[in-house]
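Asker: The structure that follows is given in the form of structure tokens.
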Amino acid sequence: MGLTLAEKILKAHLVEGEFKKGSQIAIRMDQTLTQDATGTMAYIEYCAMGVPRVRTEKSVAYIDHNTLQSGFENADDHRFIGSVAKKHGISFSRPGNGICHQIHLERFGAPGKTLIGSDSHTPTGGGLGMIAIGAGGLDVAVAMGGGAYYITYPNIIKVELKGKLSPWVSAKDVILEVLRRLSVKGGVGSIVEYCGEGVGTLTVPERATITNMGAELGATTSIFPSDENTLAFLKAQGREDVYVPLSADPDAVYDKELVIDLSELEPLAACPHSPDNVKPVRELAGMKIDQCCIGSCTNSSYIDMMKVAYILDGKTCCPSVSLSIAPGSKQVLSMISQNGALTKMIDAGARILESACGPCIGMGQSPNSKGISLRTFNRNFEGRSGTRDAGVYLVSPETAAASALTGVMTDPRTLGDMPLFSMPEKFYVNDNMIEAPAPVEEMDSVEILRGPNIAGYPETKPLADELSIPCSLKVGDNITTDHIMPAGAKILPLRSNIPEISKHCFTVCDETFPARAKELGASVVVGGENYGQGSSREHAALAPLYLGVKAVIVKSFARIHKANLINAGILPLTFKNPEDYGKISQGDNVEFAGLRDTVKNGGEIVMKVNGENIPLCLDISERDREILLAGGLLDYTRENLGK
Ligand code: MIC
Ligand code: SF4
């Protein structure tokens, strides 16, 4: 039986486990990436492990999230990360160099390699034919130390692309169509593998837009074959030496198949407040808008920017619309400045932002009250923009630029003929903002620069055998990590300080939660389906850990968040009978007995609430059981390094 492309790469990197569906496998990671909002914690954890130099082929630390320096905190974090990178063998991408995923695609990604990143959009690298997975900082720290990454052998979903995109329809519309069909839960436990004749019509940056937003499907990762377009991209980046052709075997077997005819697609938009709430732009046309934001790791490539500049050329954006543009990297910004495209944007009235995440993570550019914002980003969760009652629509750069001119949602197909936008034969390469690590003989003399806002890892304890504690919070379905641990300009600077950031935990749902949980000392949280979807931020587990949350009991979990809970030593439990969700209320006391034994040996966990026994499942691997017993991955790793 043939193998899928994903299976081929996983097999070549297998270090432990049986290569069969449902079993846990350990994968060697060739590369790692971190960004600054998750990076400080990841490097605090890495340092706690005591491995002097990273054991990967390539590790890169990017600064791209917390670039709004309205106090000393973010700048201190940048310096800390830079110094750790220099000491321990990690390349350091300085602030201003651009968004981690865009740069990694340009300068470091390579077909056939594995990459783990402390950011959920790490699968962007799948556009180059690599297995690129988002994870919590601690998993990335372990990978930097040479440890494997553990996943459940995934299902493989085949998406066959046919035909060719029509003018003004773009890669964003492809992934929005996949989201429309599969939903934000449709990719859980799966790798999405693209194939078919339509693949050859898409450039690497377009493929990367599609794999990037595979994160919104809940997928483990997404991947495209490596073909002549991959070679052309790598050649244009001066990196053709890393090219290898890769594709699935013709007789590969998939768990699920989907066919998308590219020529039938039309411009789409994900409506508030979920990336899978997708409608044709045509149906929304004429809706008054207040803001357009173009950029993010999804849509900030050179070609995206060239399309936008073409649409804006010689025009002025509508007086009632604020248009901001953040080119994805210094490479993209330099190129559009050299060829005059940037001038066209500036002339049209665009507000040019630094090459960074910016508004995507609520770092500025929050919309006006009840504002309608069109964004080329990947997430439109409630409140993420920084304005609680804003309505965010996720659209392609073409739709955003066309709408910025008219002031209403506009189908870009009304723009007339579309010229050919082709990938440059040579990208402008200048890696001067990527600092090399110190040579081995000098690393001891590199001092780690730690600012006063950088606190340590929260205290952990081995798993208790018995618990009798209250439910401090009950929430509903599709709770995102932006609900659990909000981001934005005010809260992000606290990412290195768990005691401080925990004061904002769950405040989107209930402002009184942090104080209540802290006072209770120990409690459980109850939730519905797809709990913890969205980002990889381990702070959504570390803040609850700090506040004394011992178990999270839900109908189902999103992958990265469940792993982060285990890493933090918090029990991730699911209701055996989903209707039991109704039997527990906030404030109820819950009791567990003989926990250590059941966690160790498997079997049903019983929770006693209101005199009734409620059966719960703990669907995790042997290793995860050991991690929970030890009190989290850091303790487990220390114990095992000791051995
Ligand atoms: C996001 O898009 O939500 C982030 C900010 O990039 C996160 C990481 C973080 O919270 O720092 C992600 O996607 O993992
Ligand atoms: Fe940055 Fe937004 Fe991409 Fe997250 S999704 S890495 S915040 S640009």
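Naming works like this for the structure tokens: A, B, ... for the chains as they're shown, residue 1 at the start of each chain, ligands 1 onward in shown order.
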Using only C-alpha atoms and all ligand atoms, which residues of the polymer chains come no farther than 8 Å from ligand 2? I'd like the answer as a PDB file with all heavy atoms, in the first residue's frame.
Answerer:
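The resulting file, part-v7.pdb, is reproduced below:
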```
ATOM      1  N   GLN A  35       8.091  32.650  18.506  1.00  0.00           N
ATOM      2  CA  GLN A  35       7.876  34.088  18.348  1.00  0.00           C
ATOM      3  C   GLN A  35       7.954  34.679  19.758  1.00  0.00           C
ATOM      4  O   GLN A  35       8.001  33.939  20.738  1.00  0.00           O
ATOM      5  CB  GLN A  35       6.557  34.368  17.610  1.00  0.00           C
ATOM      6  CG  GLN A  35       5.382  33.459  17.966  1.00  0.00           C
ATOM      7  CD  GLN A  35       4.534  33.969  19.070  1.00  0.00           C
ATOM      8  OE1 GLN A  35       4.989  34.741  19.892  1.00  0.00           O
ATOM      9  NE2 GLN A  35       3.284  33.520  19.124  1.00  0.00           N
ATOM     10  N   ASP A  64       8.037  39.408  16.552  1.00  0.00           N
ATOM     11  CA  ASP A  64       7.038  39.921  15.600  1.00  0.00           C
ATOM     12  C   ASP A  64       5.692  40.271  16.249  1.00  0.00           C
ATOM     13  O   ASP A  64       4.921  41.034  15.703  1.00  0.00           O
ATOM     14  CB  ASP A  64       6.799  38.904  14.465  1.00  0.00           C
ATOM     15  CG  ASP A  64       6.414  37.518  14.985  1.00  0.00           C
ATOM     16  OD1 ASP A  64       6.321  37.340  16.214  1.00  0.00           O
ATOM     17  OD2 ASP A  64       6.217  36.609  14.162  1.00  0.00           O
ATOM     18  N   HIS A  65       5.414  39.707  17.424  1.00  0.00           N
ATOM     19  CA  HIS A  65       4.098  39.937  18.031  1.00  0.00           C
ATOM     20  C   HIS A  65       4.070  41.204  18.887  1.00  0.00           C
ATOM     21  O   HIS A  65       3.267  42.089  18.672  1.00  0.00           O
ATOM     22  CB  HIS A  65       3.701  38.742  18.911  1.00  0.00           C
ATOM     23  CG  HIS A  65       3.170  37.565  18.161  1.00  0.00           C
ATOM     24  ND1 HIS A  65       3.911  36.854  17.243  1.00  0.00           N
ATOM     25  CD2 HIS A  65       1.964  36.963  18.200  1.00  0.00           C
ATOM     26  CE1 HIS A  65       3.172  35.874  16.760  1.00  0.00           C
ATOM     27  NE2 HIS A  65       1.981  35.917  17.320  1.00  0.00           N
ATOM     28  N   ILE A  99       7.151  38.906  10.078  1.00  0.00           N
ATOM     29  CA  ILE A  99       6.354  37.888  10.771  1.00  0.00           C
ATOM     30  C   ILE A  99       7.017  36.515  10.627  1.00  0.00           C
ATOM     31  O   ILE A  99       7.411  36.125   9.522  1.00  0.00           O
ATOM     32  CB  ILE A  99       4.921  37.839  10.195  1.00  0.00           C
ATOM     33  CG1 ILE A  99       4.284  39.239  10.215  1.00  0.00           C
ATOM     34  CG2 ILE A  99       4.066  36.844  10.958  1.00  0.00           C
ATOM     35  CD1 ILE A  99       2.924  39.317   9.555  1.00  0.00           C
ATOM     36  N   CYS A 100       7.097  35.796  11.748  1.00  0.00           N
ATOM     37  CA  CYS A 100       7.841  34.530  11.786  1.00  0.00           C
ATOM     38  C   CYS A 100       7.512  33.600  10.612  1.00  0.00           C
ATOM     39  O   CYS A 100       8.424  33.103   9.932  1.00  0.00           O
ATOM     40  CB  CYS A 100       7.613  33.825  13.120  1.00  0.00           C
ATOM     41  SG  CYS A 100       5.887  33.500  13.562  1.00  0.00           S
ATOM     42  N   HIS A 101       6.241  33.359  10.353  1.00  0.00           N
ATOM     43  CA  HIS A 101       5.889  32.347   9.348  1.00  0.00           C
ATOM     44  C   HIS A 101       6.278  32.787   7.937  1.00  0.00           C
ATOM     45  O   HIS A 101       6.703  31.988   7.111  1.00  0.00           O
ATOM     46  CB  HIS A 101       4.398  32.029   9.423  1.00  0.00           C
ATOM     47  CG  HIS A 101       3.967  31.683  10.805  1.00  0.00           C
ATOM     48  ND1 HIS A 101       4.547  30.670  11.519  1.00  0.00           N
ATOM     49  CD2 HIS A 101       3.044  32.237  11.632  1.00  0.00           C
ATOM     50  CE1 HIS A 101       3.992  30.602  12.723  1.00  0.00           C
ATOM     51  NE2 HIS A 101       3.080  31.550  12.814  1.00  0.00           N
ATOM     52  N   ASP A 119       3.709  28.535  17.793  1.00  0.00           N
ATOM     53  CA  ASP A 119       2.666  29.389  17.245  1.00  0.00           C
ATOM     54  C   ASP A 119       1.787  28.497  16.378  1.00  0.00           C
ATOM     55  O   ASP A 119       2.290  27.686  15.602  1.00  0.00           O
ATOM     56  CB  ASP A 119       3.267  30.511  16.402  1.00  0.00           C
ATOM     57  CG  ASP A 119       2.206  31.527  16.049  1.00  0.00           C
ATOM     58  OD1 ASP A 119       1.432  31.261  15.099  1.00  0.00           O
ATOM     59  OD2 ASP A 119       2.120  32.554  16.734  1.00  0.00           O
ATOM     60  N   SER A 120       0.481  28.658  16.500  1.00  0.00           N
ATOM     61  CA  SER A 120      -0.429  27.720  15.835  1.00  0.00           C
ATOM     62  C   SER A 120      -0.387  27.811  14.315  1.00  0.00           C
ATOM     63  O   SER A 120      -0.826  26.893  13.631  1.00  0.00           O
ATOM     64  CB  SER A 120      -1.852  27.949  16.327  1.00  0.00           C
ATOM     65  OG  SER A 120      -2.297  29.217  15.918  1.00  0.00           O
ATOM     66  N   HIS A 121       0.152  28.917  13.777  1.00  0.00           N
ATOM     67  CA  HIS A 121       0.206  29.024  12.314  1.00  0.00           C
ATOM     68  C   HIS A 121       1.511  28.540  11.708  1.00  0.00           C
ATOM     69  O   HIS A 121       1.789  28.783  10.526  1.00  0.00           O
ATOM     70  CB  HIS A 121      -0.156  30.444  11.864  1.00  0.00           C
ATOM     71  CG  HIS A 121      -1.606  30.730  12.114  1.00  0.00           C
ATOM     72  ND1 HIS A 121      -2.033  31.484  13.172  1.00  0.00           N
ATOM     73  CD2 HIS A 121      -2.717  30.266  11.486  1.00  0.00           C
ATOM     74  CE1 HIS A 121      -3.354  31.504  13.179  1.00  0.00           C
ATOM     75  NE2 HIS A 121      -3.795  30.777  12.164  1.00  0.00           N
ATOM     76  N   GLY A 295      -2.622  42.285   5.691  1.00  0.00           N
ATOM     77  CA  GLY A 295      -1.354  41.789   6.233  1.00  0.00           C
ATOM     78  C   GLY A 295      -1.568  40.480   6.955  1.00  0.00           C
ATOM     79  O   GLY A 295      -2.472  39.718   6.609  1.00  0.00           O
ATOM     80  N   SER A 296      -0.749  40.186   7.955  1.00  0.00           N
ATOM     81  CA  SER A 296      -0.739  38.963   8.777  1.00  0.00           C
ATOM     82  C   SER A 296      -0.007  37.827   8.082  1.00  0.00           C
ATOM     83  O   SER A 296       0.235  37.870   6.879  1.00  0.00           O
ATOM     84  CB  SER A 296      -2.144  38.500   9.181  1.00  0.00           C
ATOM     85  OG  SER A 296      -2.652  37.555   8.258  1.00  0.00           O
ATOM     86  N   CYS A 297       0.271  36.775   8.863  1.00  0.00           N
ATOM     87  CA  CYS A 297       1.022  35.649   8.295  1.00  0.00           C
ATOM     88  C   CYS A 297       0.238  34.925   7.209  1.00  0.00           C
ATOM     89  O   CYS A 297       0.789  34.108   6.487  1.00  0.00           O
ATOM     90  CB  CYS A 297       1.425  34.687   9.412  1.00  0.00           C
ATOM     91  SG  CYS A 297       0.047  34.051  10.372  1.00  0.00           S
ATOM     92  N   THR A 298      -1.038  35.226   7.065  1.00  0.00           N
ATOM     93  CA  THR A 298      -1.862  34.569   6.037  1.00  0.00           C
ATOM     94  C   THR A 298      -1.724  35.233   4.677  1.00  0.00           C
ATOM     95  O   THR A 298      -1.723  34.561   3.649  1.00  0.00           O
ATOM     96  CB  THR A 298      -3.366  34.651   6.421  1.00  0.00           C
ATOM     97  OG1 THR A 298      -3.476  34.538   7.814  1.00  0.00           O
ATOM     98  CG2 THR A 298      -4.166  33.607   5.729  1.00  0.00           C
ATOM     99  N   ALA A 356       4.919  43.190  10.968  1.00  0.00           N
ATOM    100  CA  ALA A 356       4.733  42.450  12.224  1.00  0.00           C
ATOM    101  C   ALA A 356       3.272  42.007  12.285  1.00  0.00           C
ATOM    102  O   ALA A 356       2.490  42.319  11.380  1.00  0.00           O
ATOM    103  CB  ALA A 356       5.063  43.358  13.413  1.00  0.00           C
ATOM    104  N   CYS A 357       2.912  41.298  13.358  1.00  0.00           N
ATOM    105  CA  CYS A 357       1.530  40.802  13.484  1.00  0.00           C
ATOM    106  C   CYS A 357       0.534  41.957  13.618  1.00  0.00           C
ATOM    107  O   CYS A 357      -0.566  41.906  13.076  1.00  0.00           O
ATOM    108  CB  CYS A 357       1.410  39.917  14.707  1.00  0.00           C
ATOM    109  SG  CYS A 357       2.472  38.477  14.653  1.00  0.00           S
ATOM    110  N   GLY A 358       0.891  42.964  14.395  1.00  0.00           N
ATOM    111  CA  GLY A 358       0.071  44.175  14.515  1.00  0.00           C
ATOM    112  C   GLY A 358      -1.378  43.909  14.840  1.00  0.00           C
ATOM    113  O   GLY A 358      -1.700  43.205  15.805  1.00  0.00           O
ATOM    114  N   PRO A 359      -2.295  44.473  14.025  1.00  0.00           N
ATOM    115  CA  PRO A 359      -3.719  44.397  14.354  1.00  0.00           C
ATOM    116  C   PRO A 359      -4.247  42.971  14.478  1.00  0.00           C
ATOM    117  O   PRO A 359      -5.266  42.738  15.132  1.00  0.00           O
ATOM    118  CB  PRO A 359      -4.410  45.101  13.175  1.00  0.00           C
ATOM    119  CG  PRO A 359      -3.351  45.588  12.261  1.00  0.00           C
ATOM    120  CD  PRO A 359      -2.007  45.251  12.821  1.00  0.00           C
ATOM    121  N   CYS A 360      -3.568  42.014  13.850  1.00  0.00           N
ATOM    122  CA  CYS A 360      -4.054  40.632  13.883  1.00  0.00           C
ATOM    123  C   CYS A 360      -4.175  40.124  15.312  1.00  0.00           C
ATOM    124  O   CYS A 360      -5.046  39.330  15.633  1.00  0.00           O
ATOM    125  CB  CYS A 360      -3.135  39.733  13.071  1.00  0.00           C
ATOM    126  SG  CYS A 360      -3.653  38.030  13.093  1.00  0.00           S
ATOM    127  N   ILE A 361      -3.279  40.598  16.180  1.00  0.00           N
ATOM    128  CA  ILE A 361      -3.328  40.141  17.563  1.00  0.00           C
ATOM    129  C   ILE A 361      -3.750  41.291  18.491  1.00  0.00           C
ATOM    130  O   ILE A 361      -3.480  41.302  19.689  1.00  0.00           O
ATOM    131  CB  ILE A 361      -1.997  39.452  17.949  1.00  0.00           C
ATOM    132  CG1 ILE A 361      -2.089  38.731  19.281  1.00  0.00           C
ATOM    133  CG2 ILE A 361      -0.799  40.386  17.877  1.00  0.00           C
ATOM    134  CD1 ILE A 361      -3.197  37.729  19.352  1.00  0.00           C
ATOM    135  N   PHE A 377      -6.749  38.520   7.597  1.00  0.00           N
ATOM    136  CA  PHE A 377      -6.127  37.674   8.602  1.00  0.00           C
ATOM    137  C   PHE A 377      -6.782  36.289   8.637  1.00  0.00           C
ATOM    138  O   PHE A 377      -7.536  35.929   7.742  1.00  0.00           O
ATOM    139  CB  PHE A 377      -6.213  38.358   9.980  1.00  0.00           C
ATOM    140  CG  PHE A 377      -5.695  39.785  10.001  1.00  0.00           C
ATOM    141  CD1 PHE A 377      -5.980  40.630  11.071  1.00  0.00           C
ATOM    142  CD2 PHE A 377      -4.930  40.287   8.962  1.00  0.00           C
ATOM    143  CE1 PHE A 377      -5.502  41.930  11.111  1.00  0.00           C
ATOM    144  CE2 PHE A 377      -4.443  41.605   8.988  1.00  0.00           C
ATOM    145  CZ  PHE A 377      -4.740  42.425  10.075  1.00  0.00           C
ATOM    146  N   ASN A 378      -6.504  35.558   9.715  1.00  0.00           N
ATOM    147  CA  ASN A 378      -7.017  34.195   9.780  1.00  0.00           C
ATOM    148  C   ASN A 378      -8.011  33.947  10.928  1.00  0.00           C
ATOM    149  O   ASN A 378      -8.599  32.889  11.017  1.00  0.00           O
ATOM    150  CB  ASN A 378      -5.853  33.195   9.881  1.00  0.00           C
ATOM    151  CG  ASN A 378      -4.806  33.656  10.878  1.00  0.00           C
ATOM    152  OD1 ASN A 378      -5.150  34.213  11.912  1.00  0.00           O
ATOM    153  ND2 ASN A 378      -3.542  33.435  10.570  1.00  0.00           N
ATOM    154  N   ARG A 379      -8.165  34.917  11.812  1.00  0.00           N
ATOM    155  CA  ARG A 379      -9.077  34.700  12.945  1.00  0.00           C
ATOM    156  C   ARG A 379      -9.975  35.904  13.144  1.00  0.00           C
ATOM    157  O   ARG A 379      -9.493  37.040  13.080  1.00  0.00           O
ATOM    158  CB  ARG A 379      -8.285  34.464  14.236  1.00  0.00           C
ATOM    159  CG  ARG A 379      -7.572  33.147  14.186  1.00  0.00           C
ATOM    160  CD  ARG A 379      -6.934  32.763  15.493  1.00  0.00           C
ATOM    161  NE  ARG A 379      -6.454  31.408  15.346  1.00  0.00           N
ATOM    162  CZ  ARG A 379      -5.304  30.950  15.821  1.00  0.00           C
ATOM    163  NH1 ARG A 379      -4.518  31.739  16.523  1.00  0.00           N
ATOM    164  NH2 ARG A 379      -4.951  29.703  15.627  1.00  0.00           N
ATOM    165  N   SER A 535      -5.191  29.587  19.231  1.00  0.00           N
ATOM    166  CA  SER A 535      -3.739  29.736  19.297  1.00  0.00           C
ATOM    167  C   SER A 535      -3.044  28.640  20.088  1.00  0.00           C
ATOM    168  O   SER A 535      -3.666  27.823  20.761  1.00  0.00           O
ATOM    169  CB  SER A 535      -3.422  31.104  19.903  1.00  0.00           C
ATOM    170  OG  SER A 535      -2.864  30.972  21.176  1.00  0.00           O
TER     171      SER A 535
END
```
Asker: Using DSSP on the backbone, list every residue of segment 185-226 of chain A that comes out as alpha helix (DSSP H), and give them as a VMD selection string.
Answerer: chain A and resid 204 to 212
Asker: Can you write out the residues you just picked, keeping N, CA, C and O atoms, as a PDB file, in the first residue's frame?
Answerer:
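Once written, result-v7.pdb looks like this:
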```pdb
ATOM      1  N   VAL A 204       4.125  28.993  -4.262  1.00  0.00           N
ATOM      2  CA  VAL A 204       4.375  28.618  -2.859  1.00  0.00           C
ATOM      3  C   VAL A 204       3.696  29.587  -1.880  1.00  0.00           C
ATOM      4  O   VAL A 204       3.023  29.148  -0.940  1.00  0.00           O
ATOM      5  N   PRO A 205       3.814  30.912  -2.053  1.00  0.00           N
ATOM      6  CA  PRO A 205       3.120  31.794  -1.095  1.00  0.00           C
ATOM      7  C   PRO A 205       1.597  31.577  -1.087  1.00  0.00           C
ATOM      8  O   PRO A 205       0.960  31.677  -0.030  1.00  0.00           O
ATOM      9  N   GLU A 206       1.016  31.258  -2.236  1.00  0.00           N
ATOM     10  CA  GLU A 206      -0.432  30.978  -2.260  1.00  0.00           C
ATOM     11  C   GLU A 206      -0.729  29.689  -1.501  1.00  0.00           C
ATOM     12  O   GLU A 206      -1.699  29.599  -0.735  1.00  0.00           O
ATOM     13  N   ARG A 207       0.116  28.677  -1.706  1.00  0.00           N
ATOM     14  CA  ARG A 207      -0.057  27.415  -0.981  1.00  0.00           C
ATOM     15  C   ARG A 207       0.067  27.672   0.518  1.00  0.00           C
ATOM     16  O   ARG A 207      -0.640  27.069   1.329  1.00  0.00           O
ATOM     17  N   ALA A 208       0.992  28.581   0.869  1.00  0.00           N
ATOM     18  CA  ALA A 208       1.225  28.863   2.295  1.00  0.00           C
ATOM     19  C   ALA A 208       0.023  29.556   2.930  1.00  0.00           C
ATOM     20  O   ALA A 208      -0.273  29.345   4.113  1.00  0.00           O
ATOM     21  N   THR A 209      -0.688  30.379   2.162  1.00  0.00           N
ATOM     22  CA  THR A 209      -1.930  30.993   2.673  1.00  0.00           C
ATOM     23  C   THR A 209      -2.915  29.890   3.058  1.00  0.00           C
ATOM     24  O   THR A 209      -3.593  29.955   4.081  1.00  0.00           O
ATOM     25  N   ILE A 210      -2.950  28.853   2.225  1.00  0.00           N
ATOM     26  CA  ILE A 210      -3.905  27.759   2.448  1.00  0.00           C
ATOM     27  C   ILE A 210      -3.490  26.905   3.646  1.00  0.00           C
ATOM     28  O   ILE A 210      -4.307  26.594   4.516  1.00  0.00           O
ATOM     29  N   THR A 211      -2.203  26.554   3.729  1.00  0.00           N
ATOM     30  CA  THR A 211      -1.775  25.697   4.855  1.00  0.00           C
ATOM     31  C   THR A 211      -1.810  26.488   6.162  1.00  0.00           C
ATOM     32  O   THR A 211      -2.087  25.936   7.214  1.00  0.00           O
ATOM     33  N   ASN A 212      -1.529  27.785   6.078  1.00  0.00           N
ATOM     34  CA  ASN A 212      -1.583  28.648   7.269  1.00  0.00           C
ATOM     35  C   ASN A 212      -2.935  28.515   7.946  1.00  0.00           C
ATOM     36  O   ASN A 212      -3.041  28.259   9.147  1.00  0.00           O
TER      37      ASN A 212
END
```
Asker: Hey, which of A:Leu312, A:Leu10, A:Ala489, A:Ile90 ends up closest to ligand 1? Count only C-alpha atoms and all ligand atoms.
Answerer: A:Ala489
Asker: What parts of segment 48-112 of chain A does DSSP call strand (DSSP E)? I'd like the answer as a list in words.
Answerer: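 Taking segment 48-112 of chain A and keeping strand (DSSP E) gives Lys58, Ser59, Val60, Ala61, Tyr62, Ser91, Phe92 and Ser93 of chain A.
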Asker: Take the residues from that selection and write them out as a PDB file, in the first residue's frame, keeping C-alpha atoms.
Answerer:
```pdb
ATOM      1  CA  LYS A  58      17.993  25.027  12.650  1.00  0.00           C
ATOM      2  CA  SER A  59      16.261  26.963  15.405  1.00  0.00           C
ATOM      3  CA  VAL A  60      15.086  30.519  14.917  1.00  0.00           C
ATOM      4  CA  ALA A  61      13.709  33.025  17.452  1.00  0.00           C
ATOM      5  CA  TYR A  62      11.511  35.695  15.870  1.00  0.00           C
ATOM      6  CA  SER A  91      19.329  32.427  15.020  1.00  0.00           C
ATOM      7  CA  PHE A  92      17.623  35.645  16.090  1.00  0.00           C
ATOM      8  CA  SER A  93      15.299  37.532  13.777  1.00  0.00           C
TER       9      SER A  93
END
```
Asker: Report, in Å to a single decimal, how far apart atom CA of Gly362 of chain A and atom CA of Leu492 of chain A are.
Answerer: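 If I compute the distance from atom CA of Leu492 of chain A to atom CA of Gly362 of chain A, I get 9.3 Å.
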Asker: Counting only C-alpha atoms, what is within 12 Å of Glu529 of chain A, bar same-chain residues fewer than 4 positions away, as a PyMOL selection string?
Answerer: chain A and resi 184-185+188+475-480+533+553-558+574-575+578-579+581
Asker: Residues within 9 Å of Leu231 of chain A, please, as JSON, numbers by chain. Count only C-alpha atoms; anything in the same chain fewer than 6 positions from it doesn't count.
Answerer: {"A": [239, 240, 242, 243, 244, 245]}
Asker: Would you export the selected residues with C-alpha atoms as a compact mmCIF listing (two decimals), in the first residue's frame, please?
Answerer:
```txt
# COMPACT_ATOMS: atom_id res chain seq x y z
CA ARG A 239 17.98 28.42 -1.80
CA GLU A 240 17.51 25.83 -4.54
CA VAL A 242 17.33 22.48 -0.28
CA TYR A 243 14.90 21.41 -3.01
CA VAL A 244 13.69 17.82 -3.21
CA PRO A 245 10.66 16.75 -5.25
```
Asker: Could you check how far atom CA of Gly89 of chain A sits from atom CA of Ala42 of chain A, in Å to one decimal?
Answerer: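 Taking atom CA of Gly89 of chain A as the start and atom CA of Ala42 of chain A as the end point, the length is 14.8 Å.
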Asker: Atom CA of Ala110 of chain A and atom CA of Leu5 of chain A, how far apart in Å?
Answerer: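 Separation between atom CA of Leu5 of chain A and atom CA of Ala110 of chain A: 14.3 Å.
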Asker: Taking only C-alpha atoms into account, which of A:Phe72, A:Tyr546, A:Tyr457, A:Tyr531 comes nearest Pro514 of chain A?
Answerer: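 Smallest distance to Pro514 of chain A is found for A:Tyr546.
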Asker: May I have the residues within 8 Å of segment 157-160 of chain A as a list in words, using only C-alpha atoms and disregarding those fewer than 5 positions away in the same chain?
Answerer: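 Within the cut-off, the hits are Ser190, Ile191, Val192, Glu193, Tyr194, Cys195, Gly196, Gly198, Tyr254, Asp255, Lys256, Glu257, Leu258, Val259 and Ile260 of chain A.
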Asker: Taking 5 positions as the minimum chain separation for residues in the same chain, which residues sit within 7 Å of Asn97 of chain A when counting only C-alpha atoms? Answer as number ranges by chain.
Answerer: A: 329-330, 355, 433
Asker: Would you export the selected residues with N, CA, C and O atoms as a PDB file, in the first residue's frame, please?
Answerer:
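Written output follows (again.pdb):
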```
ATOM      1  N   SER A 329       7.161  40.941   5.627  1.00  0.00           N
ATOM      2  CA  SER A 329       8.568  40.815   6.009  1.00  0.00           C
ATOM      3  C   SER A 329       9.349  41.987   5.446  1.00  0.00           C
ATOM      4  O   SER A 329       8.881  42.708   4.564  1.00  0.00           O
ATOM      5  N   LYS A 330      10.566  42.118   5.940  1.00  0.00           N
ATOM      6  CA  LYS A 330      11.451  43.160   5.431  1.00  0.00           C
ATOM      7  C   LYS A 330      11.723  42.915   3.945  1.00  0.00           C
ATOM      8  O   LYS A 330      11.816  43.854   3.165  1.00  0.00           O
ATOM      9  N   SER A 355       6.313  45.710   9.618  1.00  0.00           N
ATOM     10  CA  SER A 355       6.164  44.298   9.232  1.00  0.00           C
ATOM     11  C   SER A 355       6.120  43.459  10.503  1.00  0.00           C
ATOM     12  O   SER A 355       7.160  43.074  11.047  1.00  0.00           O
ATOM     13  N   MET A 433      19.139  41.277   9.208  1.00  0.00           N
ATOM     14  CA  MET A 433      18.395  41.399  10.474  1.00  0.00           C
ATOM     15  C   MET A 433      18.244  40.036  11.158  1.00  0.00           C
ATOM     16  O   MET A 433      17.471  39.891  12.103  1.00  0.00           O
TER      17      MET A 433
END
```
Asker: So which one's closest to Met287 of chain A, A:Ile372, A:Leu573, A:Met345, A:Ala252? Using only C-alpha atoms, please.
Answerer: A:Ile372
